[in-house]
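Engineer: Coordinates in model-v8.cif, mmCIF, C-alpha atoms, are listed below.
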data_final
loop_
_atom_site.label_atom_id
_atom_site.label_comp_id
_atom_site.auth_asym_id
_atom_site.auth_seq_id
_atom_site.Cartn_x
_atom_site.Cartn_y
_atom_site.Cartn_z
CA MET A 278 1.95 1.74 26.01
CA SER A 279 3.15 0.72 29.47
CA ILE A 280 6.73 2.00 29.66
CA GLY A 281 7.18 0.44 33.09
CA HIS A 282 6.25 -3.06 31.95
CA SER A 283 8.42 -2.72 28.87
CA PHE A 284 11.38 -1.75 31.08
CA LEU A 285 10.75 -4.76 33.33
CA GLY A 286 10.73 -7.04 30.30
CA LEU A 287 13.94 -5.52 28.96
CA LEU A 288 15.59 -5.93 32.38
CA GLU A 289 14.69 -9.62 32.43
CA GLY A 290 17.36 -10.18 29.80
CA ARG A 291 20.09 -8.51 31.85
CA PRO A 292 20.58 -5.57 34.20
CA ARG A 293 20.91 -2.22 32.41
CA HIS A 294 21.44 1.40 33.28
CA GLY A 295 18.88 4.08 32.43
CA TYR A 296 20.40 5.26 29.17
CA ASP A 297 20.77 1.68 27.92
CA LEU A 298 17.10 1.02 28.78
CA LYS A 299 16.00 4.13 26.91
CA ARG A 300 18.02 3.18 23.85
CA ALA A 301 16.66 -0.39 23.81
CA TYR A 302 13.09 0.87 24.26
CA ASP A 303 13.40 3.50 21.52
CA GLU A 304 14.90 1.02 19.06
CA ARG A 305 12.46 -1.80 19.65
CA PHE A 306 9.17 -0.22 20.59
CA SER A 307 9.11 3.39 19.61
CA PRO A 308 11.26 4.14 16.57
CA GLY A 309 10.86 7.76 15.55
CA ARG A 310 9.33 8.73 18.90
CA PRO A 311 12.09 8.46 21.50
CA LEU A 312 11.38 8.65 25.23
CA HIS A 313 12.33 11.79 27.09
CA HIS A 314 15.02 11.31 29.72
CA GLY A 315 12.57 12.59 32.32
CA GLN A 316 10.13 9.78 31.46
CA VAL A 317 12.90 7.19 31.82
CA TYR A 318 14.00 8.28 35.25
CA ALA A 319 10.46 8.92 36.53
CA THR A 320 9.51 5.38 35.46
CA LEU A 321 12.59 3.85 37.07
CA SER A 322 11.92 5.76 40.33
CA ARG A 323 8.38 4.37 40.41
CA LEU A 324 9.57 0.81 39.73
CA LEU A 325 12.18 1.16 42.48
CA LYS A 326 9.61 2.50 44.95
CA ASN A 327 7.26 -0.41 44.19
CA GLY A 328 10.02 -2.98 44.65
CA LEU A 329 9.89 -4.14 41.03
CA VAL A 330 13.53 -3.22 40.33
CA VAL A 331 16.61 -2.74 42.51
CA VAL A 332 19.87 -0.91 41.96
CA ASP A 333 22.24 -3.70 41.03
CA GLY A 334 25.45 -1.69 40.98
CA LEU A 335 27.12 1.51 39.94
CA GLU A 336 28.98 1.88 36.67
CA PRO A 337 31.76 4.40 36.59
CA GLY A 338 31.72 6.69 33.58
CA GLU A 339 33.26 9.91 32.40
CA GLY A 340 30.52 11.89 34.14
CA PRO A 341 28.64 10.91 37.28
CA GLU A 342 28.40 7.21 38.16
CA ARG A 343 25.48 5.46 36.49
CA LYS A 344 23.08 3.22 38.38
CA ARG A 345 22.53 -0.22 36.92
CA TYR A 346 19.03 -1.61 37.49
CA ALA A 347 17.92 -5.25 37.82
CA VAL A 348 14.40 -6.67 37.86
CA THR A 349 13.18 -8.33 41.09
CA ASP A 350 11.03 -11.49 41.41
CA ALA A 351 8.06 -9.21 42.05
CA GLY A 352 8.93 -7.35 38.85
CA ILE A 353 9.02 -10.59 36.83
CA THR A 354 5.63 -11.60 38.29
CA ASP A 355 4.28 -8.16 37.38
CA VAL A 356 5.43 -8.29 33.78
CA GLN A 357 4.14 -11.88 33.42
CA SER A 358 0.73 -10.78 34.68
CA TRP A 359 0.70 -7.84 32.22
CA LEU A 360 1.69 -10.04 29.27
CA SER A 361 -0.97 -12.66 30.01
CA GLN A 362 -3.85 -10.17 30.20
CA PRO A 363 -5.53 -9.26 26.91
CA GLU A 364 -5.62 -5.61 25.98
CA LYS A 365 -9.09 -4.10 25.95
CA PRO A 366 -10.18 -3.81 22.32
CA GLU A 367 -10.92 -0.22 21.39
CA PRO A 368 -14.56 -0.06 20.28
CA TYR A 369 -14.25 3.44 18.71
CA LEU A 370 -17.88 4.15 19.49
CA GLN A 371 -17.33 7.89 19.92
CA SER A 372 -16.25 8.71 16.40
CA VAL A 373 -15.59 12.37 15.66
CA LEU A 374 -16.05 11.59 12.00
CA TYR A 375 -19.50 10.17 12.54
CA THR A 376 -20.45 13.28 14.49
CA LYS A 377 -19.17 15.52 11.69
CA VAL A 378 -21.12 13.58 9.05
CA VAL A 379 -24.38 13.69 11.02
CA LEU A 380 -23.99 17.38 11.82
CA ALA A 381 -23.30 18.15 8.18
CA LEU A 382 -26.45 16.28 7.11
CA MET A 383 -28.54 17.92 9.83
CA THR A 384 -27.42 21.40 8.81
CA GLY A 385 -27.65 20.85 5.06
CA ARG A 386 -23.91 20.89 4.44
CA PRO A 387 -22.25 18.54 1.90
CA ALA A 388 -21.38 15.49 3.98
CA ASP A 389 -19.86 13.72 0.98
CA GLU A 390 -17.18 16.42 0.78
CA ILE A 391 -16.29 15.83 4.43
CA LEU A 392 -15.85 12.13 3.66
CA ASP A 393 -13.76 12.85 0.56
CA VAL A 394 -11.45 15.25 2.38
CA GLN A 395 -10.97 12.70 5.14
CA ARG A 396 -10.38 9.91 2.64
CA THR A 397 -7.63 11.94 0.97
CA GLU A 398 -5.99 12.63 4.30
CA HIS A 399 -6.12 8.98 5.31
CA LEU A 400 -4.64 7.79 2.03
CA ARG A 401 -1.91 10.44 2.20
CA LEU A 402 -0.91 9.10 5.61
CA MET A 403 -1.11 5.51 4.35
CA ARG A 404 1.32 6.36 1.55
CA GLU A 405 3.68 7.94 4.07
CA VAL A 406 3.54 4.89 6.36
CA THR A 407 3.96 2.56 3.36
CA ARG A 408 7.14 4.41 2.32
CA ARG A 409 8.44 4.12 5.87
CA LYS A 410 7.54 0.42 5.91
CA THR A 411 9.24 -0.26 2.56
CA GLY A 412 12.53 1.07 3.85
CA GLY A 413 12.28 -0.49 7.30
CA ASP A 414 13.42 -3.69 9.00
CA LEU A 415 10.96 -6.36 10.14
CA ALA A 416 10.18 -4.60 13.44
CA GLU A 417 9.49 -1.35 11.59
CA GLN A 418 7.36 -3.20 9.04
CA LEU A 419 5.19 -4.75 11.76
CA ILE A 420 4.70 -1.41 13.51
CA CYS A 421 3.74 0.18 10.18
CA ASP A 422 1.39 -2.71 9.32
CA HIS A 423 -0.49 -2.14 12.57
CA ALA A 424 -1.00 1.50 11.62
CA LEU A 425 -1.93 0.61 8.03
CA PHE A 426 -4.60 -1.91 9.02
CA HIS A 427 -6.22 0.65 11.33
CA LEU A 428 -6.14 3.35 8.67
CA GLU A 429 -7.60 0.89 6.19
CA ALA A 430 -10.45 0.11 8.59
CA ASP A 431 -11.24 3.82 8.77
CA LEU A 432 -11.19 4.06 4.98
CA ARG A 433 -13.62 1.17 4.65
CA TRP A 434 -15.93 2.94 7.08
CA LEU A 435 -15.65 6.13 5.01
CA GLU A 436 -16.57 4.21 1.84
CA LEU A 437 -19.50 2.45 3.47
CA THR A 438 -20.79 5.67 4.95
CA ALA A 439 -20.47 7.44 1.59
CA ALA A 440 -22.61 4.69 0.06
CA ARG A 441 -25.25 5.12 2.79
CA LEU A 442 -25.40 8.92 3.03
CA ASN A 443 -28.88 9.22 1.54
CA GLU A 444 -30.25 6.66 3.97
CA LEU A 445 -28.57 8.41 6.90
CA ALA A 446 -29.77 11.83 5.74
CA ALA A 447 -33.37 10.61 5.72
CA ARG A 448 -33.03 9.56 9.35
CA VAL A 449 -31.19 12.52 10.83
CA ARG A 450 -32.67 15.48 8.99
CA PRO A 451 -35.29 17.29 11.05
CA MET B 71 6.55 18.43 -13.37
CA THR B 72 6.94 16.13 -16.40
CA GLU B 73 4.68 16.34 -19.44
CA PRO B 74 1.57 14.13 -19.51
CA LEU B 75 2.31 10.76 -21.12
CA LEU B 76 -1.19 9.36 -21.31
CA VAL B 77 -4.33 11.47 -21.23
CA GLY B 78 -7.90 10.18 -21.27
CA THR B 79 -10.47 12.97 -21.63
CA ASP B 80 -14.25 12.82 -21.18
CA LEU B 81 -14.48 9.09 -21.83
CA PHE B 82 -17.91 7.53 -22.31
CA LYS B 83 -18.58 3.82 -22.70
CA MET B 84 -21.84 1.83 -22.71
CA TYR B 85 -22.15 -1.93 -22.43
CA GLY B 86 -25.58 -2.53 -23.98
CA THR B 87 -27.83 -0.15 -22.07
CA THR B 88 -25.52 0.01 -19.06
CA PRO B 89 -23.24 3.02 -18.81
CA ALA B 90 -19.74 2.04 -17.64
CA LEU B 91 -18.03 5.40 -18.11
CA ARG B 92 -19.73 8.77 -18.01
CA GLY B 93 -17.22 11.49 -18.73
CA SER B 94 -14.21 9.98 -17.02
CA SER B 95 -10.81 11.65 -17.41
CA LEU B 96 -7.33 10.70 -16.23
CA THR B 97 -3.84 12.07 -16.87
CA VAL B 98 -0.75 9.95 -16.27
CA ARG B 99 2.77 11.40 -16.28
CA ALA B 100 5.94 9.49 -17.08
CA GLY B 101 7.20 7.44 -14.16
CA GLU B 102 4.31 8.04 -11.77
CA ILE B 103 2.17 5.39 -10.14
CA VAL B 104 -1.52 6.29 -10.14
CA ALA B 105 -4.04 4.25 -8.16
CA VAL B 106 -7.53 4.09 -9.66
CA MET B 107 -9.96 3.18 -6.91
CA GLY B 108 -13.67 2.64 -6.73
CA SER B 109 -16.29 0.12 -5.70
CA SER B 110 -17.27 -2.90 -7.83
CA GLY B 111 -18.98 -1.79 -11.02
CA SER B 112 -17.82 1.82 -10.69
CA GLY B 113 -16.11 1.69 -14.09
CA LYS B 114 -12.49 1.63 -12.97
CA SER B 115 -11.53 -1.43 -15.05
CA THR B 116 -13.31 -0.02 -18.11
CA LEU B 117 -11.32 3.18 -17.66
CA LEU B 118 -8.10 1.13 -17.62
CA HIS B 119 -9.17 -0.80 -20.74
CA CYS B 120 -9.93 2.43 -22.61
CA LEU B 121 -6.62 4.02 -21.61
CA ALA B 122 -4.75 0.89 -22.70
CA GLY B 123 -6.44 0.76 -26.09
CA ILE B 124 -8.10 -2.59 -25.33
CA VAL B 125 -11.58 -1.08 -25.48
CA ARG B 126 -12.58 1.74 -27.79
CA PRO B 127 -14.58 4.43 -25.93
CA ASP B 128 -17.92 5.53 -27.41
CA ASP B 129 -16.88 9.13 -26.92
CA GLY B 130 -13.86 11.04 -25.66
CA THR B 131 -10.18 10.76 -26.50
CA VAL B 132 -7.14 8.85 -25.30
CA VAL B 133 -3.84 10.43 -26.27
CA TYR B 134 -0.58 8.58 -25.68
CA ALA B 135 2.73 10.40 -26.27
CA GLY B 136 0.92 12.92 -28.43
CA ARG B 137 -0.95 10.35 -30.57
CA GLN B 138 -4.66 9.63 -30.34
CA ILE B 139 -5.07 5.91 -29.65
CA SER B 140 -8.67 5.72 -30.82
CA ALA B 141 -7.59 7.02 -34.25
CA MET B 142 -5.03 4.21 -34.70
CA SER B 143 -5.69 1.10 -36.74
CA ASP B 144 -6.01 -2.24 -34.96
CA VAL B 145 -2.51 -3.19 -36.13
CA GLU B 146 -1.05 0.03 -34.76
CA ARG B 147 -2.84 -0.37 -31.46
CA SER B 148 -1.64 -3.96 -31.12
CA ALA B 149 1.95 -2.88 -31.76
CA LEU B 150 1.61 -0.09 -29.21
CA ARG B 151 0.25 -2.47 -26.58
CA ARG B 152 3.07 -4.93 -27.28
CA ARG B 153 5.94 -2.42 -27.24
CA ASP B 154 4.97 0.47 -24.99
CA PHE B 155 2.45 -1.06 -22.61
CA GLY B 156 2.68 -3.90 -20.10
CA PHE B 157 -0.26 -5.65 -18.43
CA VAL B 158 -0.80 -7.41 -15.12
CA PHE B 159 -4.21 -8.89 -14.38
CA GLN B 160 -5.78 -10.31 -11.23
CA PHE B 161 -5.18 -13.94 -12.13
CA GLY B 162 -1.86 -13.65 -13.94
CA GLN B 163 -3.27 -15.12 -17.14
CA LEU B 164 -0.13 -17.09 -17.83
CA VAL B 165 -0.18 -19.55 -20.72
CA PRO B 166 -0.46 -22.94 -18.95
CA GLU B 167 1.45 -24.91 -21.61
CA LEU B 168 4.53 -22.67 -21.47
CA THR B 169 7.17 -22.64 -18.74
CA CYS B 170 7.54 -19.52 -16.61
CA VAL B 171 10.55 -18.28 -18.56
CA GLU B 172 8.71 -18.89 -21.86
CA ASN B 173 5.72 -16.95 -20.51
CA VAL B 174 7.91 -13.98 -19.64
CA ALA B 175 9.67 -14.17 -23.01
CA LEU B 176 6.38 -14.21 -24.92
CA PRO B 177 6.02 -10.45 -25.54
CA LEU B 178 9.63 -10.30 -26.76
CA ARG B 179 9.14 -13.30 -29.07
CA LEU B 180 5.96 -11.72 -30.49
CA ASP B 181 8.00 -8.64 -31.20
CA GLY B 182 10.58 -10.63 -33.16
CA VAL B 183 13.33 -11.05 -30.56
CA ARG B 184 15.23 -14.34 -31.04
CA ARG B 185 14.51 -17.09 -28.54
CA LYS B 186 17.92 -17.17 -26.88
CA GLU B 187 18.05 -13.41 -26.34
CA ALA B 188 14.39 -13.29 -25.22
CA GLU B 189 14.97 -16.01 -22.62
CA ARG B 190 18.19 -14.40 -21.39
CA ARG B 191 16.37 -11.12 -20.75
CA SER B 192 13.43 -12.98 -19.22
CA ARG B 193 15.69 -14.81 -16.76
CA GLU B 194 17.11 -11.48 -15.63
CA TRP B 195 13.61 -10.28 -14.86
CA LEU B 196 12.72 -13.50 -13.07
CA ASP B 197 15.78 -13.08 -10.85
CA ARG B 198 14.88 -9.47 -10.21
CA LEU B 199 11.42 -10.53 -9.07
CA GLU B 200 12.95 -13.27 -6.91
CA VAL B 201 11.40 -16.17 -8.85
CA GLY B 202 14.42 -17.27 -10.87
CA ASP B 203 14.19 -20.72 -9.28
CA VAL B 204 10.86 -21.53 -10.98
CA ALA B 205 11.94 -20.49 -14.50
CA GLY B 206 11.58 -24.02 -15.89
CA LYS B 207 8.28 -24.86 -14.18
CA LEU B 208 4.80 -24.67 -15.67
CA PRO B 209 2.30 -22.16 -14.18
CA GLY B 210 0.32 -25.06 -12.70
CA GLN B 211 3.34 -26.09 -10.63
CA ILE B 212 3.87 -22.77 -8.82
CA SER B 213 2.01 -20.79 -6.14
CA GLY B 214 -0.35 -17.88 -6.81
CA GLY B 215 2.18 -15.39 -5.43
CA GLN B 216 4.91 -16.73 -7.68
CA GLY B 217 2.50 -16.66 -10.63
CA GLN B 218 1.80 -12.97 -10.10
CA ARG B 219 5.51 -12.21 -9.96
CA ILE B 220 5.92 -14.05 -13.28
CA ALA B 221 3.08 -11.90 -14.64
CA VAL B 222 4.85 -8.75 -13.40
CA ALA B 223 8.09 -9.93 -15.06
CA ARG B 224 6.19 -10.53 -18.31
CA ALA B 225 4.68 -7.03 -18.11
CA LEU B 226 8.07 -5.40 -17.57
CA VAL B 227 10.35 -7.47 -19.80
CA THR B 228 9.81 -5.16 -22.78
CA GLU B 229 10.60 -2.18 -20.52
CA PRO B 230 7.27 -0.53 -21.32
CA LYS B 231 6.47 3.13 -20.76
CA VAL B 232 3.18 2.30 -19.00
CA VAL B 233 2.16 -0.75 -16.98
CA PHE B 234 -1.57 -1.34 -16.56
CA ALA B 235 -2.25 -3.42 -13.45
CA ASP B 236 -5.85 -4.48 -12.84
CA GLU B 237 -6.27 -5.73 -9.25
CA PRO B 238 -2.80 -7.33 -9.39
CA THR B 239 -3.02 -8.53 -5.79
CA GLY B 240 -6.73 -9.35 -5.76
CA ALA B 241 -6.21 -13.12 -5.66
CA LEU B 242 -3.31 -13.10 -3.18
CA ASP B 243 -3.06 -13.18 0.62
CA SER B 244 -1.80 -10.04 2.39
CA LEU B 245 1.85 -11.06 2.58
CA ASN B 246 2.13 -12.13 -1.08
CA GLY B 247 0.14 -9.11 -2.18
CA GLU B 248 2.53 -6.77 -0.37
CA LYS B 249 5.53 -8.48 -1.91
CA VAL B 250 4.11 -8.21 -5.42
CA MET B 251 3.35 -4.52 -4.91
CA GLN B 252 6.80 -3.81 -3.52
CA LEU B 253 8.46 -5.55 -6.46
CA LEU B 254 6.15 -3.99 -9.05
CA GLY B 255 6.63 -0.50 -7.57
CA GLN B 256 10.39 -0.86 -7.34
CA ALA B 257 10.76 -2.31 -10.84
CA ALA B 258 8.58 0.45 -12.30
CA ARG B 259 10.63 3.13 -10.56
CA ASP B 260 13.90 1.52 -11.69
CA THR B 261 12.81 1.45 -15.33
CA GLY B 262 10.92 4.76 -15.25
CA ALA B 263 7.61 3.11 -16.23
CA ALA B 264 4.35 4.75 -15.24
CA VAL B 265 1.81 2.45 -13.58
CA VAL B 266 -1.97 2.68 -13.75
CA LEU B 267 -3.02 0.57 -10.81
CA VAL B 268 -6.67 -0.42 -10.49
CA THR B 269 -7.49 -1.63 -7.00
CA HIS B 270 -10.18 -1.51 -4.35
CA GLU B 271 -7.66 -2.14 -1.56
CA PRO B 272 -6.39 0.99 0.22
CA ARG B 273 -3.21 -0.76 1.36
CA VAL B 274 -2.37 -1.54 -2.28
CA ALA B 275 -3.26 1.99 -3.40
CA ALA B 276 -0.87 3.32 -0.76
CA TYR B 277 2.04 2.16 -2.94
CA ALA B 278 0.98 4.72 -5.57
CA ASP B 279 2.02 8.37 -5.79
CA ARG B 280 -1.57 9.56 -5.99
CA GLU B 281 -5.13 8.32 -6.13
CA VAL B 282 -8.05 8.87 -8.47
CA VAL B 283 -11.52 7.66 -7.50
CA VAL B 284 -14.07 6.42 -10.06
CA ARG B 285 -17.70 6.79 -9.00
CA ASP B 286 -20.61 5.94 -11.26
CA GLY B 287 -18.38 6.08 -14.32
CA ALA B 288 -16.85 9.48 -13.55
CA SER B 289 -13.36 9.95 -12.16
CA LEU B 290 -12.54 12.32 -9.33
CA ASP B 291 -9.07 13.54 -8.56
CA LEU B 292 -9.70 14.10 -4.87
CA GLU B 293 -6.20 15.28 -4.16
CA ARG B 294 -6.55 18.14 -6.60
CA VAL B 295 -9.92 19.07 -5.16
CA ALA B 296 -8.63 19.01 -1.57
#
As structure tokens, please, write out the structure in this file.

Structural biologist:
Amino acid sequence: MSIGHSFLGLLEGRPRHGYDLKRAYDERFSPGRPLHHGQVYATLSRLLKNGLVVVDGLEPGEGPERKRYAVTDAGITDVQSWLSQPEKPEPYLQSVLYTKVVLALMTGRPADEILDVQRTEHLRLMREVTRRKTGGDLAEQLICDHALFHLEADLRWLELTAARLNELAARVRP
Amino acid sequence: MTEPLLVGTDLFKMYGTTPALRGSSLTVRAGEIVAVMGSSGSGKSTLLHCLAGIVRPDDGTVVYAGRQISAMSDVERSALRRRDFGFVFQFGQLVPELTCVENVALPLRLDGVRRKEAERRSREWLDRLEVGDVAGKLPGQISGGQGQRIAVARALVTEPKVVFADEPTGALDSLNGEKVMQLLGQAARDTGAAVVLVTHEPRVAAYADREVVVRDGASLDLERVA
């Protein structure tokens, strides 16, 4: 997740101070996993240094004055460029699970048990995410759906592999 | 933990020379949702049919609330299915000549409830499942998602102790499937009904409290093994 680009996008709506940016980011993009304050201010410092945001004003508060940040034209161009580029699809070609299954078969261990244990763990997490989704708003539901579809893809792989264990064993056993 | 409500033990069933169940067992407790998963032909639907008293196993026992189902007469089993069990199938299986509210009222009418009272209770369930607006329509005039919600209402209108759902979202798109599962799960929890949910879809199974896998006619409770 590019925190910097997300901040630029949030600042396009209106100038905000750091705490406001953090709150908006946490609510919209990362519920349950809030940003650390250090991440917020490190990101803003970098954006300032690169000319993508400017300090738009100072807001008096009960404590020290708070800087209000605004996005620059260069910042808007940067976020537009980021949005228009597709994300690189993750090919997942270095699967730890695959390695475990092959090693189990090569060493005469029960590979089907490895798959079953993993299946149980995946479904346990799916139930947890489904409960979170059921109680969540639309944004939360979409975030949970993304996780659920990925977990489901893993489960389908586990099922397919379980069905092909004998074939795989014949190929990998010395 | 609550006492077991429905217990199938060492169930065997052959269809001709093909074994469908080979020593399958499953325990369901009151109010829990159990997902029965497995690939096509694994025996998961046969297991559901045996537990529900639709199919008589060749060997093994099914005990519901302390009574052995396979020892009951056909009349007793029919009454049990009508009063204590509810059913949802993949394609709804609504009666095409009856309106939606009449379909939902059907189990009540078969059990002797007067028409007016049966339809009043049915309309409550239709509203609960957010399909009150199609009460007067025929099944052919509504969408697949609406049809499955009608089927869920029909399964729950008698407030059964156990709902048997066999691939209840199998004919629906993702969004409608999710909605049906949310409503089914919520309604079951509200009424305290247990659900035996047969599915091959992990995202549907994730609405359950636990999962049992059927492989080659035998059931595995992976969570207890793990």

Engineer: How close does each residue of chain B get to chain A, giving the shortest atom pair and distance in Å to one decimal for every residue with an atom at most 12 Å away, counting all atoms listed in the file, sorted by chain and residue number, as a Markdown table?

Structural biologist:
| residue | atom | partner | partner_atom | distance |
| --- | --- | --- | --- | --- |
| B:Ile103 | CA | A:Arg404 | CA | 11.8 |
| B:Ala105 | CA | A:Leu400 | CA | 10.8 |
| B:Met107 | CA | A:Glu436 | CA | 11.0 |
| B:Gly108 | CA | A:Glu436 | CA | 9.2 |
| B:Ser109 | CA | A:Glu436 | CA | 8.6 |
| B:Ser244 | CA | A:Asp422 | CA | 10.6 |
| B:Leu245 | CA | A:Asp422 | CA | 10.7 |
| B:Glu248 | CA | A:Thr411 | CA | 9.8 |
| B:Lys249 | CA | A:Thr411 | CA | 10.1 |
| B:Met251 | CA | A:Thr411 | CA | 10.4 |
| B:Gln252 | CA | A:Thr411 | CA | 7.5 |
| B:Leu253 | CA | A:Thr411 | CA | 10.5 |
| B:Gly255 | CA | A:Thr411 | CA | 10.5 |
| B:Gln256 | CA | A:Thr411 | CA | 10.0 |
| B:His270 | CA | A:Arg433 | CA | 10.0 |
| B:Glu271 | CA | A:Glu429 | CA | 8.3 |
| B:Pro272 | CA | A:Glu429 | CA | 6.1 |
| B:Arg273 | CA | A:Glu429 | CA | 6.7 |
| B:Val274 | CA | A:Thr407 | CA | 9.4 |
| B:Ala275 | CA | A:Arg404 | CA | 8.0 |
| B:Ala276 | CA | A:Arg404 | CA | 4.4 |
| B:Tyr277 | CA | A:Arg404 | CA | 6.2 |
| B:Ala278 | CA | A:Arg404 | CA | 7.3 |
| B:Asp279 | CA | A:Arg404 | CA | 7.6 |
| B:Arg280 | CA | A:Arg401 | CA | 8.2 |
| B:Glu281 | CA | A:Leu400 | CA | 8.2 |
| B:Val282 | CA | A:Thr397 | CA | 9.9 |
| B:Val283 | CA | A:Asp393 | CA | 9.8 |
| B:Arg285 | CA | A:Ala440 | CA | 10.5 |
| B:Asp286 | CA | A:Ala440 | CA | 11.6 |
| B:Leu290 | CA | A:Asp393 | CA | 10.0 |
| B:Asp291 | CA | A:Thr397 | CA | 9.8 |
| B:Leu292 | CA | A:Thr397 | CA | 6.6 |
| B:Glu293 | CA | A:Thr397 | CA | 6.3 |
| B:Arg294 | CA | A:Thr397 | CA | 9.8 |
| B:Val295 | CA | A:Val394 | CA | 8.6 |
| B:Ala296 | CA | A:Val394 | CA | 6.1 |

Engineer: Restricting the output to C-alpha atoms, write the selected residues as a PDB file, keeping the file's coordinate frame.

Structural biologist:
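Result file follows (result.pdb):
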ATOM      1  CA  ILE B 103       2.170   5.390 -10.140  1.00  0.00           C
ATOM      2  CA  ALA B 105      -4.040   4.250  -8.160  1.00  0.00           C
ATOM      3  CA  MET B 107      -9.960   3.180  -6.910  1.00  0.00           C
ATOM      4  CA  GLY B 108     -13.670   2.640  -6.730  1.00  0.00           C
ATOM      5  CA  SER B 109     -16.290   0.120  -5.700  1.00  0.00           C
ATOM      6  CA  SER B 244      -1.800 -10.040   2.390  1.00  0.00           C
ATOM      7  CA  LEU B 245       1.850 -11.060   2.580  1.00  0.00           C
ATOM      8  CA  GLU B 248       2.530  -6.770  -0.370  1.00  0.00           C
ATOM      9  CA  LYS B 249       5.530  -8.480  -1.910  1.00  0.00           C
ATOM     10  CA  MET B 251       3.350  -4.520  -4.910  1.00  0.00           C
ATOM     11  CA  GLN B 252       6.800  -3.810  -3.520  1.00  0.00           C
ATOM     12  CA  LEU B 253       8.460  -5.550  -6.460  1.00  0.00           C
ATOM     13  CA  GLY B 255       6.630  -0.500  -7.570  1.00  0.00           C
ATOM     14  CA  GLN B 256      10.390  -0.860  -7.340  1.00  0.00           C
ATOM     15  CA  HIS B 270     -10.180  -1.510  -4.350  1.00  0.00           C
ATOM     16  CA  GLU B 271      -7.660  -2.140  -1.560  1.00  0.00           C
ATOM     17  CA  PRO B 272      -6.390   0.990   0.220  1.00  0.00           C
ATOM     18  CA  ARG B 273      -3.210  -0.760   1.360  1.00  0.00           C
ATOM     19  CA  VAL B 274      -2.370  -1.540  -2.280  1.00  0.00           C
ATOM     20  CA  ALA B 275      -3.260   1.990  -3.400  1.00  0.00           C
ATOM     21  CA  ALA B 276      -0.870   3.320  -0.760  1.00  0.00           C
ATOM     22  CA  TYR B 277       2.040   2.160  -2.940  1.00  0.00           C
ATOM     23  CA  ALA B 278       0.980   4.720  -5.570  1.00  0.00           C
ATOM     24  CA  ASP B 279       2.020   8.370  -5.790  1.00  0.00           C
ATOM     25  CA  ARG B 280      -1.570   9.560  -5.990  1.00  0.00           C
ATOM     26  CA  GLU B 281      -5.130   8.320  -6.130  1.00  0.00           C
ATOM     27  CA  VAL B 282      -8.050   8.870  -8.470  1.00  0.00           C
ATOM     28  CA  VAL B 283     -11.520   7.660  -7.500  1.00  0.00           C
ATOM     29  CA  ARG B 285     -17.700   6.790  -9.000  1.00  0.00           C
ATOM     30  CA  ASP B 286     -20.610   5.940 -11.260  1.00  0.00           C
ATOM     31  CA  LEU B 290     -12.540  12.320  -9.330  1.00  0.00           C
ATOM     32  CA  ASP B 291      -9.070  13.540  -8.560  1.00  0.00           C
ATOM     33  CA  LEU B 292      -9.700  14.100  -4.870  1.00  0.00           C
ATOM     34  CA  GLU B 293      -6.200  15.280  -4.160  1.00  0.00           C
ATOM     35  CA  ARG B 294      -6.550  18.140  -6.600  1.00  0.00           C
ATOM     36  CA  VAL B 295      -9.920  19.070  -5.160  1.00  0.00           C
ATOM     37  CA  ALA B 296      -8.630  19.010  -1.570  1.00  0.00           C
TER      38      ALA B 296
END

Engineer: Excluding Ser148 (chain B) and any residue of its chain fewer than 6 positions from it, enumerate the residues within 10 Å of it, using only C-alpha atoms, and give them as a PyMOL selection string.

Structural biologist: chain B and resi 123-124+142+155

Engineer: What does the structure give for the distance between CA of Glu189 (chain B) and CA of Glu172 (chain B), in Å to one decimal?

Structural biologist: 6.9 Å

Engineer: Quick one: apply the PyMOL selection byres ((chain B and resi 163) around 10) to the file and drop the selected residues here as a ChimeraX atom specification.

Structural biologist: /B:158-162,164-166,173,209,217-218,221

Engineer: Restricting the calculation to all atoms listed in the file, which member of A:Leu285, A:Val332, A:Asp297, A:Arg305 is positioned closest to Glu417 (chain A)?

Structural biologist: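 Using all atoms listed in the file, Glu417 (chain A) sits closest to A:Arg305.
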